[in-house]
$ cat coords_27.txt   # compact mmCIF, C-alpha atoms and all ligand atoms
# COMPACT_ATOMS: atom_id res chain seq x y z
CA MET A 1 134.80 82.50 114.60
CA ARG A 2 134.61 85.35 117.09
CA VAL A 3 134.30 88.48 114.94
CA LEU A 4 134.48 92.23 115.59
CA VAL A 5 132.54 94.48 113.20
CA THR A 6 133.41 98.17 113.52
CA GLY A 7 130.54 100.33 112.32
CA GLY A 8 128.34 97.39 113.29
CA ALA A 9 125.23 99.57 113.78
CA GLY A 10 125.57 101.13 110.33
CA PHE A 11 123.86 100.21 107.07
CA LEU A 12 126.42 97.66 105.85
CA GLY A 13 127.80 96.80 109.29
CA SER A 14 124.40 95.70 110.61
CA HIS A 15 123.73 93.52 107.55
CA LEU A 16 127.16 91.96 108.05
CA CYS A 17 126.35 91.21 111.71
CA ASP A 18 123.15 89.45 110.58
CA ARG A 19 125.04 87.38 108.03
CA LEU A 20 127.86 86.42 110.41
CA LEU A 21 125.36 85.37 113.11
CA LYS A 22 123.45 83.33 110.52
CA GLU A 23 126.68 81.49 109.73
CA GLY A 24 126.98 80.64 113.45
CA HIS A 25 129.77 83.06 114.36
CA THR A 26 129.96 85.12 117.55
CA VAL A 27 129.74 88.83 116.74
CA ILE A 28 130.81 91.95 118.58
CA ALA A 29 129.47 95.12 116.95
CA MET A 30 131.24 98.38 117.78
CA ASP A 31 129.90 101.81 116.80
CA ASN A 32 129.96 105.37 118.11
CA LEU A 33 126.48 105.92 116.61
CA ILE A 34 127.41 109.15 114.80
CA THR A 35 125.91 107.85 111.56
CA GLY A 36 125.01 104.36 112.78
CA ASP A 37 121.73 103.66 114.54
CA ILE A 38 120.96 101.21 117.32
CA ALA A 39 117.64 100.54 115.55
CA ASN A 40 119.63 98.69 112.84
CA ILE A 41 120.61 95.98 115.33
CA ALA A 42 117.63 96.17 117.73
CA HIS A 43 116.05 93.10 116.07
CA ILE A 44 118.99 90.85 116.99
CA ARG A 45 118.07 88.41 119.76
CA ASN A 46 121.09 86.17 119.90
CA GLU A 47 123.32 85.34 122.85
CA LYS A 48 126.26 85.26 120.45
CA PHE A 49 125.85 89.00 119.81
CA LEU A 50 127.29 91.89 121.80
CA PHE A 51 127.19 95.63 121.12
CA ILE A 52 129.86 98.01 122.42
CA LYS A 53 129.43 101.78 122.00
CA HIS A 54 132.91 103.06 121.24
CA ASP A 55 134.69 105.42 118.88
CA VAL A 56 137.35 103.32 117.13
CA THR A 57 139.59 106.34 116.61
CA ASP A 58 140.40 105.81 120.32
CA TYR A 59 142.27 102.75 121.60
CA ILE A 60 140.09 99.66 121.09
CA TYR A 61 139.87 97.16 123.90
CA VAL A 62 138.18 93.80 123.33
CA ASP A 63 138.31 91.05 125.93
CA GLY A 64 139.25 87.52 124.81
CA ALA A 65 140.15 86.03 121.46
CA LEU A 66 139.19 87.45 118.07
CA ASP A 67 139.41 85.52 114.80
CA ALA A 68 138.41 88.33 112.45
CA ILE A 69 137.95 92.10 112.39
CA LEU A 70 135.81 93.75 109.72
CA HIS A 71 136.51 97.47 109.70
CA PHE A 72 133.35 99.18 108.45
CA ALA A 73 133.22 102.26 110.66
CA SER A 74 133.03 105.48 108.63
CA PRO A 75 130.59 108.10 107.44
CA ALA A 76 129.78 107.01 103.89
CA SER A 77 127.65 109.71 102.28
CA PRO A 78 129.02 112.82 100.53
CA VAL A 79 126.66 114.94 102.66
CA ASP A 80 128.11 113.34 105.80
CA TYR A 81 131.69 114.05 104.67
CA LEU A 82 130.82 117.74 104.46
CA GLU A 83 129.36 117.73 107.97
CA LEU A 84 131.93 115.37 109.52
CA PRO A 85 135.17 115.99 107.64
CA ILE A 86 137.56 115.51 110.57
CA GLN A 87 135.73 112.43 111.91
CA THR A 88 135.80 110.95 108.40
CA LEU A 89 139.56 111.48 108.15
CA LYS A 90 140.14 110.21 111.68
CA VAL A 91 138.17 106.99 111.37
CA GLY A 92 139.82 106.11 108.05
CA SER A 93 143.31 106.79 109.37
CA LEU A 94 143.46 106.54 113.20
CA GLY A 95 140.52 104.10 113.33
CA THR A 96 142.12 101.82 110.75
CA HIS A 97 145.40 101.98 112.67
CA LYS A 98 143.67 100.95 115.91
CA ALA A 99 141.71 98.16 114.21
CA LEU A 100 144.87 96.82 112.51
CA GLY A 101 146.80 96.99 115.77
CA LEU A 102 144.05 94.95 117.41
CA ALA A 103 144.13 92.41 114.53
CA LYS A 104 147.88 92.07 114.98
CA SER A 105 147.67 91.57 118.74
CA LYS A 106 144.81 89.04 118.49
CA ASN A 107 146.28 87.30 115.44
CA ALA A 108 142.94 87.96 113.72
CA ARG A 109 142.10 88.18 110.04
CA PHE A 110 141.36 91.79 108.99
CA LEU A 111 138.99 93.02 106.29
CA LEU A 112 138.97 96.70 105.29
CA ALA A 113 135.85 98.28 103.83
CA SER A 114 137.35 100.43 101.09
CA THR A 115 135.49 102.17 98.31
CA SER A 116 135.14 103.00 94.64
CA GLU A 117 136.01 106.54 95.78
CA VAL A 118 139.68 105.51 95.72
CA TYR A 119 139.28 105.84 91.92
CA GLY A 120 138.03 109.44 92.33
CA ASP A 121 136.57 110.93 89.13
CA PRO A 122 137.89 108.04 87.04
CA LEU A 123 139.68 108.44 83.72
CA ILE A 124 139.49 104.68 83.08
CA HIS A 125 136.09 103.10 82.59
CA PRO A 126 134.92 100.67 83.91
CA GLN A 127 137.21 100.68 86.94
CA LYS A 128 139.57 97.75 87.42
CA GLU A 129 141.51 97.16 90.62
CA ASP A 130 144.83 98.05 88.96
CA TYR A 131 143.65 101.61 88.16
CA TRP A 132 145.24 104.09 90.62
CA GLY A 133 142.55 106.73 90.41
CA ASN A 134 142.05 110.43 89.85
CA VAL A 135 141.44 111.99 93.27
CA ASN A 136 141.42 115.65 94.30
CA PRO A 137 143.08 115.53 97.75
CA VAL A 138 141.89 119.01 98.78
CA GLY A 139 138.30 118.88 97.48
CA PRO A 140 135.29 118.26 99.76
CA ARG A 141 135.31 114.52 99.01
CA GLY A 142 139.06 114.30 99.63
CA VAL A 143 138.46 113.66 103.34
CA TYR A 144 136.84 110.32 102.52
CA ASP A 145 138.82 109.39 99.41
CA GLU A 146 142.22 110.06 100.93
CA ALA A 147 141.32 108.47 104.28
CA LYS A 148 140.33 105.29 102.46
CA ARG A 149 143.44 105.41 100.25
CA PHE A 150 145.55 105.80 103.39
CA ALA A 151 143.60 102.94 105.01
CA GLU A 152 144.43 100.69 102.05
CA ALA A 153 148.12 101.63 102.26
CA LEU A 154 148.17 100.99 106.02
CA THR A 155 146.42 97.65 105.58
CA MET A 156 148.99 96.52 103.01
CA ALA A 157 151.82 97.73 105.29
CA TYR A 158 150.46 95.66 108.21
CA HIS A 159 150.16 92.73 105.84
CA ARG A 160 153.67 93.05 104.40
CA TYR A 161 155.54 94.20 107.50
CA HIS A 162 153.63 92.46 110.32
CA GLY A 163 152.20 89.52 108.37
CA VAL A 164 148.59 90.37 109.30
CA ASP A 165 146.15 88.30 107.26
CA THR A 166 144.32 91.15 105.47
CA ARG A 167 141.61 91.65 102.82
CA ILE A 168 140.48 94.85 101.08
CA VAL A 169 137.05 95.20 99.50
CA ARG A 170 136.34 98.21 97.26
CA ILE A 171 132.63 98.79 97.67
CA PHE A 172 130.68 100.47 94.87
CA ASN A 173 127.29 102.21 95.31
CA THR A 174 125.11 99.93 97.41
CA TYR A 175 121.49 100.34 98.51
CA GLY A 176 118.88 98.58 100.56
CA PRO A 177 116.97 98.60 103.85
CA ARG A 178 118.61 100.46 106.79
CA MET A 179 120.03 103.32 104.74
CA ARG A 180 119.23 106.57 106.54
CA ILE A 181 116.36 108.28 104.75
CA ASN A 182 118.10 111.67 105.11
CA ASP A 183 121.72 110.63 104.55
CA GLY A 184 121.80 112.61 101.31
CA ARG A 185 122.68 109.70 99.05
CA VAL A 186 120.74 109.37 95.87
CA VAL A 187 118.75 106.21 96.61
CA PRO A 188 117.08 107.23 99.91
CA THR A 189 116.77 110.85 98.72
CA PHE A 190 114.88 110.00 95.52
CA ILE A 191 112.68 107.43 97.27
CA ALA A 192 111.76 109.89 100.05
CA GLN A 193 111.06 112.67 97.55
CA ALA A 194 108.86 110.47 95.36
CA LEU A 195 106.93 109.15 98.38
CA GLU A 196 106.33 112.74 99.58
CA ASN A 197 105.25 113.95 96.10
CA GLU A 198 108.21 116.31 96.01
CA PRO A 199 110.39 116.88 92.93
CA LEU A 200 113.37 114.55 92.60
CA THR A 201 116.54 116.65 92.92
CA VAL A 202 118.82 115.61 90.06
CA PHE A 203 122.27 117.18 90.40
CA GLY A 204 123.87 118.62 87.26
CA ASP A 205 122.17 117.50 84.04
CA GLY A 206 121.84 113.97 85.42
CA SER A 207 124.17 112.50 82.77
CA GLN A 208 126.63 111.25 85.42
CA THR A 209 126.42 107.50 85.86
CA ARG A 210 126.37 105.11 88.80
CA SER A 211 125.93 101.34 89.12
CA PHE A 212 123.80 100.20 92.07
CA CYS A 213 124.25 96.96 94.00
CA TYR A 214 121.62 95.48 96.32
CA VAL A 215 122.91 95.01 99.86
CA ASP A 216 122.39 91.21 99.99
CA ASP A 217 124.58 90.74 96.91
CA LEU A 218 127.28 92.95 98.40
CA ILE A 219 127.28 91.10 101.74
CA GLU A 220 127.61 87.78 99.92
CA GLY A 221 130.66 89.09 98.04
CA ILE A 222 132.24 90.41 101.23
CA TYR A 223 131.64 87.15 103.08
CA ARG A 224 133.27 85.20 100.27
CA LEU A 225 136.25 87.57 100.28
CA LEU A 226 136.61 87.17 104.06
CA MET A 227 136.72 83.39 103.59
CA SER A 228 139.22 83.61 100.71
CA ASP A 229 142.95 84.13 101.02
CA HIS A 230 143.28 87.08 98.67
CA HIS A 231 145.15 90.15 99.97
CA ASP A 232 144.94 92.63 97.09
CA PRO A 233 141.87 94.89 96.69
CA VAL A 234 138.76 93.37 95.11
CA ASN A 235 135.88 95.39 93.61
CA ILE A 236 132.42 94.34 94.77
CA GLY A 237 129.48 96.05 93.09
CA ASN A 238 126.90 95.70 90.38
CA PRO A 239 128.15 96.56 86.87
CA LYS A 240 124.70 97.58 85.59
CA GLU A 241 125.34 101.26 84.90
CA MET A 242 122.79 104.05 84.34
CA THR A 243 122.57 107.82 84.32
CA ILE A 244 121.20 109.53 87.41
CA LEU A 245 118.42 111.04 85.27
CA ASP A 246 117.33 107.56 84.16
CA PHE A 247 117.58 106.42 87.75
CA ALA A 248 115.20 109.22 88.83
CA ARG A 249 112.70 108.06 86.18
CA ILE A 250 112.93 104.46 87.39
CA ILE A 251 112.23 105.50 90.99
CA SER A 252 109.23 107.63 89.93
CA ARG A 253 107.80 104.75 87.91
CA LEU A 254 108.29 102.15 90.66
CA ILE A 255 106.60 104.39 93.24
CA GLY A 256 103.84 105.17 90.73
CA LYS A 257 104.39 108.92 90.57
CA PRO A 258 104.53 111.20 87.51
CA GLU A 259 108.01 112.30 86.48
CA ASN A 260 108.76 115.42 88.55
CA ILE A 261 112.39 116.47 88.38
CA LYS A 262 114.18 119.55 89.67
CA PHE A 263 117.76 120.13 88.50
CA LYS A 264 120.26 121.37 91.06
CA PRO A 265 123.96 122.26 90.78
CA LEU A 266 126.39 119.36 90.54
CA PRO A 267 128.45 118.99 93.74
CA VAL A 268 132.21 119.65 93.47
CA ASP A 269 134.24 116.66 92.16
CA ASP A 270 131.14 114.51 91.64
CA PRO A 271 132.45 111.55 89.59
CA LYS A 272 131.09 111.63 86.02
CA VAL A 273 131.06 107.87 85.58
CA ARG A 274 131.31 104.82 87.81
CA GLN A 275 131.06 101.14 87.03
CA PRO A 276 132.94 98.27 88.66
CA ASP A 277 134.87 95.78 86.60
CA ILE A 278 134.09 92.62 88.59
CA THR A 279 136.20 90.17 86.57
CA LYS A 280 138.44 89.59 89.59
CA ALA A 281 135.58 88.87 92.03
CA LYS A 282 134.01 86.49 89.51
CA LYS A 283 137.25 84.60 89.04
CA LEU A 284 138.54 84.56 92.62
CA LEU A 285 135.30 84.31 94.57
CA GLY A 286 132.89 82.84 92.01
CA TRP A 287 130.75 85.88 92.87
CA GLU A 288 128.44 88.07 90.84
CA PRO A 289 125.33 90.02 91.82
CA ASN A 290 121.99 88.40 91.12
CA VAL A 291 119.34 90.76 92.56
CA GLY A 292 117.86 92.86 89.73
CA LEU A 293 117.47 96.63 90.16
CA GLU A 294 113.66 96.59 90.27
CA GLU A 295 113.57 93.72 92.75
CA GLY A 296 116.09 95.39 95.04
CA LEU A 297 114.46 98.81 94.78
CA LYS A 298 111.01 97.40 95.58
CA LYS A 299 112.38 95.90 98.81
CA THR A 300 114.08 99.19 99.65
CA ILE A 301 110.97 101.27 98.90
CA ASP A 302 108.94 98.88 101.04
CA TYR A 303 111.38 99.40 103.91
CA PHE A 304 111.05 103.19 103.72
CA ILE A 305 107.23 103.01 103.48
CA HIS A 306 107.01 100.91 106.65
CA LYS A 307 109.74 102.60 108.62
N1 LIG B 1 122.54 112.87 93.32
C1 LIG B 1 121.48 113.56 92.77
N2 LIG B 1 120.51 114.04 93.59
C2 LIG B 1 120.52 113.82 94.94
C3 LIG B 1 121.59 113.09 95.51
C4 LIG B 1 122.59 112.64 94.67
O1 LIG B 1 121.42 113.78 91.54
O2 LIG B 1 119.58 114.29 95.63
C5 LIG B 1 123.59 112.37 92.42
C6 LIG B 1 125.00 112.76 92.85
O3 LIG B 1 125.35 114.02 92.30
C7 LIG B 1 125.82 111.63 92.25
C8 LIG B 1 124.87 110.43 92.31
O4 LIG B 1 123.57 110.97 92.47
O5 LIG B 1 126.13 111.90 90.90
C9 LIG B 1 125.16 109.50 93.46
O6 LIG B 1 125.26 110.26 94.62
P1 LIG B 1 125.43 109.64 96.06
O7 LIG B 1 125.43 110.77 97.02
O8 LIG B 1 124.42 108.57 96.28
O9 LIG B 1 126.84 108.91 96.10
P2 LIG B 1 128.20 108.98 95.25
O10 LIG B 1 128.06 107.90 94.25
O11 LIG B 1 128.34 110.33 94.60
O12 LIG B 1 129.23 108.72 96.26
$ encode --input "coords_27.txt" --output "structure tokens"
Amino acid sequence: MRVLVTGGAGFLGSHLCDRLLKEGHTVIAMDNLITGDIANIAHIRNEKFLFIKHDVTDYIYVDGALDAILHFASPASPVDYLELPIQTLKVGSLGTHKALGLAKSKNARFLLASTSEVYGDPLIHPQKEDYWGNVNPVGPRGVYDEAKRFAEALTMAYHRYHGVDTRIVRIFNTYGPRMRINDGRVVPTFIAQALENEPLTVFGDGSQTRSFCYVDDLIEGIYRLLMSDHHDPVNIGNPKEMTILDFARIISRLIGKPENIKFKPLPVDDPKVRQPDITKAKKLLGWEPNVGLEEGLKKTIDYFIHK
């Protein structure tokens, strides 16, 4: 296949490029480098790989045939949404529109990177794909949540009205090498703080929960979804749930530092619980995560130590 990955220099986008190239596909990565980093793809030495610096909220031009478009361009950290609220809204709405229009014109398969944020602060736990969510449209996270909800609606409209061959993956918290150390998300933040002997900043009382998936597991699930023929949203994530306070203790232990925690105010609309129900992915894709938390975190810590 000849594949376009938007957000191809980002954390997930760059891992996707690696995987697609490994499978023998030709890959075009597109990124405006606002939150992506050329360093994430600098290791790629492959004549089947091309990088184009472009903001996908503007008209996207790609020469020649395309068999698939994976739309991964977007800021993805709550700290980034606060700094880039308009860009976040634009890439989820205008960017998705441009990417879908390109898929239609090239007769290409389209895969949307959606998110567990479509469930907002969920009232149903764990979250199944048929739950419609509890989102505050005007809160600080609304710029991301509503953009992704709009992106899902637009994707289904292109599928139903134009017959575009679409997929939607709802990505839950994912971690691994190539996250930005200062992107504000909990995994790089805690690792950086522990490595620097600083207190780990737990927001609220730390009783909110998350479920963390190692990047290789996530990419495997996304690749299987791309190769499937399923059009409705599918959750991909690791169902092993823990409190953020417990997570801080795990990071301290793995880095070999005494427990040193500083409590800070809980951000507005921070979801209290989050855990994917992955029954659908198991059944449809034969997929489930198999990298344990300690194994995945050790690889991630190693990446940040040597970066
Ligand atoms: N969090 C924290 N300390 C930090 C950063 C995040 O306690 O320095 C908490 C945050 O309040 C949330 C969880 O960790 O409950 C996960 O936050 P993240 O920004 O990684 O992503 P989210 O899952 O909220 O989108």
$ residues_around --input "coords_27.txt" --residues "stretch 89-93 of chain A" --least-positions-apart "2" --cutoff "7 Å" --atoms "all atoms listed in the file" --output "MDAnalysis selection string"
chainID A and resid 56:57 73:74 85:87 95:97 143:144 147:148 150:151
$ write_last_selection --input "coords_27.txt" --atoms "C-alpha atoms" --output "compact mmCIF listing (two decimals), in the coordinates of the input"
# COMPACT_ATOMS: atom_id res chain seq x y z
CA VAL A 56 137.35 103.32 117.13
CA THR A 57 139.59 106.34 116.61
CA ALA A 73 133.22 102.26 110.66
CA SER A 74 133.03 105.48 108.63
CA PRO A 85 135.17 115.99 107.64
CA ILE A 86 137.56 115.51 110.57
CA GLN A 87 135.73 112.43 111.91
CA GLY A 95 140.52 104.10 113.33
CA THR A 96 142.12 101.82 110.75
CA HIS A 97 145.40 101.98 112.67
CA VAL A 143 138.46 113.66 103.34
CA TYR A 144 136.84 110.32 102.52
CA ALA A 147 141.32 108.47 104.28
CA LYS A 148 140.33 105.29 102.46
CA PHE A 150 145.55 105.80 103.39
CA ALA A 151 143.60 102.94 105.01
$ closest_atom_pairs --input "coords_27.txt" --of "chain A" --to "ligand LIG 1 (chain B)" --cutoff "8 Å" --atoms "only C-alpha atoms and all ligand atoms" --output "JSON lines"
{"residue": "A:Ala76", "atom": "CA", "partner": "B:LIG1", "partner_atom": "O12", "distance": 7.8}
{"residue": "A:Ser77", "atom": "CA", "partner": "B:LIG1", "partner_atom": "O7", "distance": 5.8}
{"residue": "A:Pro78", "atom": "CA", "partner": "B:LIG1", "partner_atom": "O7", "distance": 5.4}
{"residue": "A:Val79", "atom": "CA", "partner": "B:LIG1", "partner_atom": "O7", "distance": 7.1}
{"residue": "A:Glu117", "atom": "CA", "partner": "B:LIG1", "partner_atom": "O12", "distance": 7.1}
{"residue": "A:Phe172", "atom": "CA", "partner": "B:LIG1", "partner_atom": "O10", "distance": 7.9}
{"residue": "A:Asn173", "atom": "CA", "partner": "B:LIG1", "partner_atom": "O10", "distance": 5.8}
{"residue": "A:Gly184", "atom": "CA", "partner": "B:LIG1", "partner_atom": "C3", "distance": 5.8}
{"residue": "A:Arg185", "atom": "CA", "partner": "B:LIG1", "partner_atom": "O8", "distance": 3.5}
{"residue": "A:Val186", "atom": "CA", "partner": "B:LIG1", "partner_atom": "O8", "distance": 3.8}
{"residue": "A:Val187", "atom": "CA", "partner": "B:LIG1", "partner_atom": "O8", "distance": 6.2}
{"residue": "A:Thr189", "atom": "CA", "partner": "B:LIG1", "partner_atom": "O2", "distance": 5.4}
{"residue": "A:Phe190", "atom": "CA", "partner": "B:LIG1", "partner_atom": "O2", "distance": 6.4}
{"residue": "A:Leu200", "atom": "CA", "partner": "B:LIG1", "partner_atom": "O2", "distance": 6.9}
{"residue": "A:Thr201", "atom": "CA", "partner": "B:LIG1", "partner_atom": "O2", "distance": 4.7}
{"residue": "A:Val202", "atom": "CA", "partner": "B:LIG1", "partner_atom": "O1", "distance": 3.5}
{"residue": "A:Phe203", "atom": "CA", "partner": "B:LIG1", "partner_atom": "O1", "distance": 3.7}
{"residue": "A:Gly204", "atom": "CA", "partner": "B:LIG1", "partner_atom": "O1", "distance": 6.9}
{"residue": "A:Gly206", "atom": "CA", "partner": "B:LIG1", "partner_atom": "O1", "distance": 6.1}
{"residue": "A:Gln208", "atom": "CA", "partner": "B:LIG1", "partner_atom": "O5", "distance": 5.5}
{"residue": "A:Thr209", "atom": "CA", "partner": "B:LIG1", "partner_atom": "O5", "distance": 6.7}
{"residue": "A:Arg210", "atom": "CA", "partner": "B:LIG1", "partner_atom": "O10", "distance": 6.4}
{"residue": "A:Ile244", "atom": "CA", "partner": "B:LIG1", "partner_atom": "O4", "distance": 5.8}
{"residue": "A:Leu245", "atom": "CA", "partner": "B:LIG1", "partner_atom": "O1", "distance": 7.5}
{"residue": "A:Phe263", "atom": "CA", "partner": "B:LIG1", "partner_atom": "O1", "distance": 7.9}
{"residue": "A:Lys264", "atom": "CA", "partner": "B:LIG1", "partner_atom": "O1", "distance": 7.7}
{"residue": "A:Leu266", "atom": "CA", "partner": "B:LIG1", "partner_atom": "O3", "distance": 5.7}
{"residue": "A:Pro267", "atom": "CA", "partner": "B:LIG1", "partner_atom": "O3", "distance": 6.0}
{"residue": "A:Asp270", "atom": "CA", "partner": "B:LIG1", "partner_atom": "O5", "distance": 5.7}
{"residue": "A:Pro271", "atom": "CA", "partner": "B:LIG1", "partner_atom": "O5", "distance": 6.5}
{"residue": "A:Lys272", "atom": "CA", "partner": "B:LIG1", "partner_atom": "O5", "distance": 7.0}
{"residue": "A:Arg274", "atom": "CA", "partner": "B:LIG1", "partner_atom": "O10", "distance": 7.8}
$ write_last_selection --input "coords_27.txt" --atoms "C-alpha atoms" --output "compact mmCIF listing (two decimals), keeping the file's coordinate frame"
# COMPACT_ATOMS: atom_id res chain seq x y z
CA ALA A 76 129.78 107.01 103.89
CA SER A 77 127.65 109.71 102.28
CA PRO A 78 129.02 112.82 100.53
CA VAL A 79 126.66 114.94 102.66
CA GLU A 117 136.01 106.54 95.78
CA PHE A 172 130.68 100.47 94.87
CA ASN A 173 127.29 102.21 95.31
CA GLY A 184 121.80 112.61 101.31
CA ARG A 185 122.68 109.70 99.05
CA VAL A 186 120.74 109.37 95.87
CA VAL A 187 118.75 106.21 96.61
CA THR A 189 116.77 110.85 98.72
CA PHE A 190 114.88 110.00 95.52
CA LEU A 200 113.37 114.55 92.60
CA THR A 201 116.54 116.65 92.92
CA VAL A 202 118.82 115.61 90.06
CA PHE A 203 122.27 117.18 90.40
CA GLY A 204 123.87 118.62 87.26
CA GLY A 206 121.84 113.97 85.42
CA GLN A 208 126.63 111.25 85.42
CA THR A 209 126.42 107.50 85.86
CA ARG A 210 126.37 105.11 88.80
CA ILE A 244 121.20 109.53 87.41
CA LEU A 245 118.42 111.04 85.27
CA PHE A 263 117.76 120.13 88.50
CA LYS A 264 120.26 121.37 91.06
CA LEU A 266 126.39 119.36 90.54
CA PRO A 267 128.45 118.99 93.74
CA ASP A 270 131.14 114.51 91.64
CA PRO A 271 132.45 111.55 89.59
CA LYS A 272 131.09 111.63 86.02
CA ARG A 274 131.31 104.82 87.81
$ residues_around --input "coords_27.txt" --residues "A:Asn260" --least-positions-apart "2" --cutoff "12 Å" --atoms "all atoms listed in the file" --output "VMD selection string"
chain A and resid 190 193 to 202 245 248 to 253 256 to 258 262 to 263
$ residues_around --input "coords_27.txt" --residues "A:Leu111" --least-positions-apart "3" --cutoff "6 Å" --atoms "all atoms listed in the file" --output "JSON, numbers by chain"
{"A": [70, 166, 167, 168]}
$ closest_residue --input "coords_27.txt" --among "A:Ser228, A:Thr279, A:Ser211, A:Asn238" --to "A:Lys128" --atoms "only C-alpha atoms"
A:Thr279
$ residues_around --input "coords_27.txt" --residues "A:Gly10" --least-positions-apart "4" --cutoff "10 Å" --atoms "all atoms listed in the file" --output "list of chain:residue names"
A:Thr6, A:Ser14, A:His15, A:Leu16, A:Ala29, A:Met30, A:Asp31, A:Asn32, A:Leu33, A:Ile34, A:Thr35, A:Gly36, A:Asp37, A:Ile38, A:Ala39, A:Asn40, A:Ile41, A:Phe72, A:Ala73, A:Ser74, A:Pro75, A:Ala76, A:Arg178, A:Met179, A:Arg180
$ atom_distance --input "coords_27.txt" --atom1 "atom CA of A:Ile171" --atom2 "atom CA of A:Val62"
26.7 Å
$ atom_distance --input "coords_27.txt" --atom1 "atom CA of A:Asp58" --atom2 "atom CA of A:Lys106"
17.4 Å
$ closest_residue --input "coords_27.txt" --among "A:Ala192, A:Val118, A:Ala157, A:Met227" --to "A:Pro137" --atoms "all atoms listed in the file"
A:Val118
$ residues_around --input "coords_27.txt" --residues "A:His71" --least-positions-apart "5" --cutoff "9 Å" --atoms "only C-alpha atoms" --output "compact mmCIF listing (two decimals) with C-alpha atoms, keeping the file's coordinate frame"
# COMPACT_ATOMS: atom_id res chain seq x y z
CA LEU A 4 134.48 92.23 115.59
CA VAL A 5 132.54 94.48 113.20
CA THR A 6 133.41 98.17 113.52
CA GLY A 7 130.54 100.33 112.32
CA GLY A 8 128.34 97.39 113.29
CA GLY A 13 127.80 96.80 109.29
CA GLY A 95 140.52 104.10 113.33
CA THR A 96 142.12 101.82 110.75
CA ALA A 99 141.71 98.16 114.21
CA LEU A 100 144.87 96.82 112.51
CA PHE A 110 141.36 91.79 108.99
CA LEU A 111 138.99 93.02 106.29
CA LEU A 112 138.97 96.70 105.29
CA ALA A 113 135.85 98.28 103.83
$ atom_distance --input "coords_27.txt" --atom1 "atom CA of A:His231" --atom2 "atom CA of A:Gly133"
19.3 Å
$ closest_residue --input "coords_27.txt" --among "A:Pro276, A:Pro177, A:Gly163, A:Pro126" --to "A:Lys298" --atoms "all atoms listed in the file"
A:Pro177
$ closest_residue --input "coords_27.txt" --among "A:Gly101, A:Pro233, A:Pro188, A:Gly176" --to "A:Ala153" --atoms "all atoms listed in the file"
A:Pro233
$ closest_residue --input "coords_27.txt" --among "A:Leu254, A:Leu218, A:Leu225, A:Ile261" --to "A:Asn290" --atoms "only C-alpha atoms"
A:Leu218
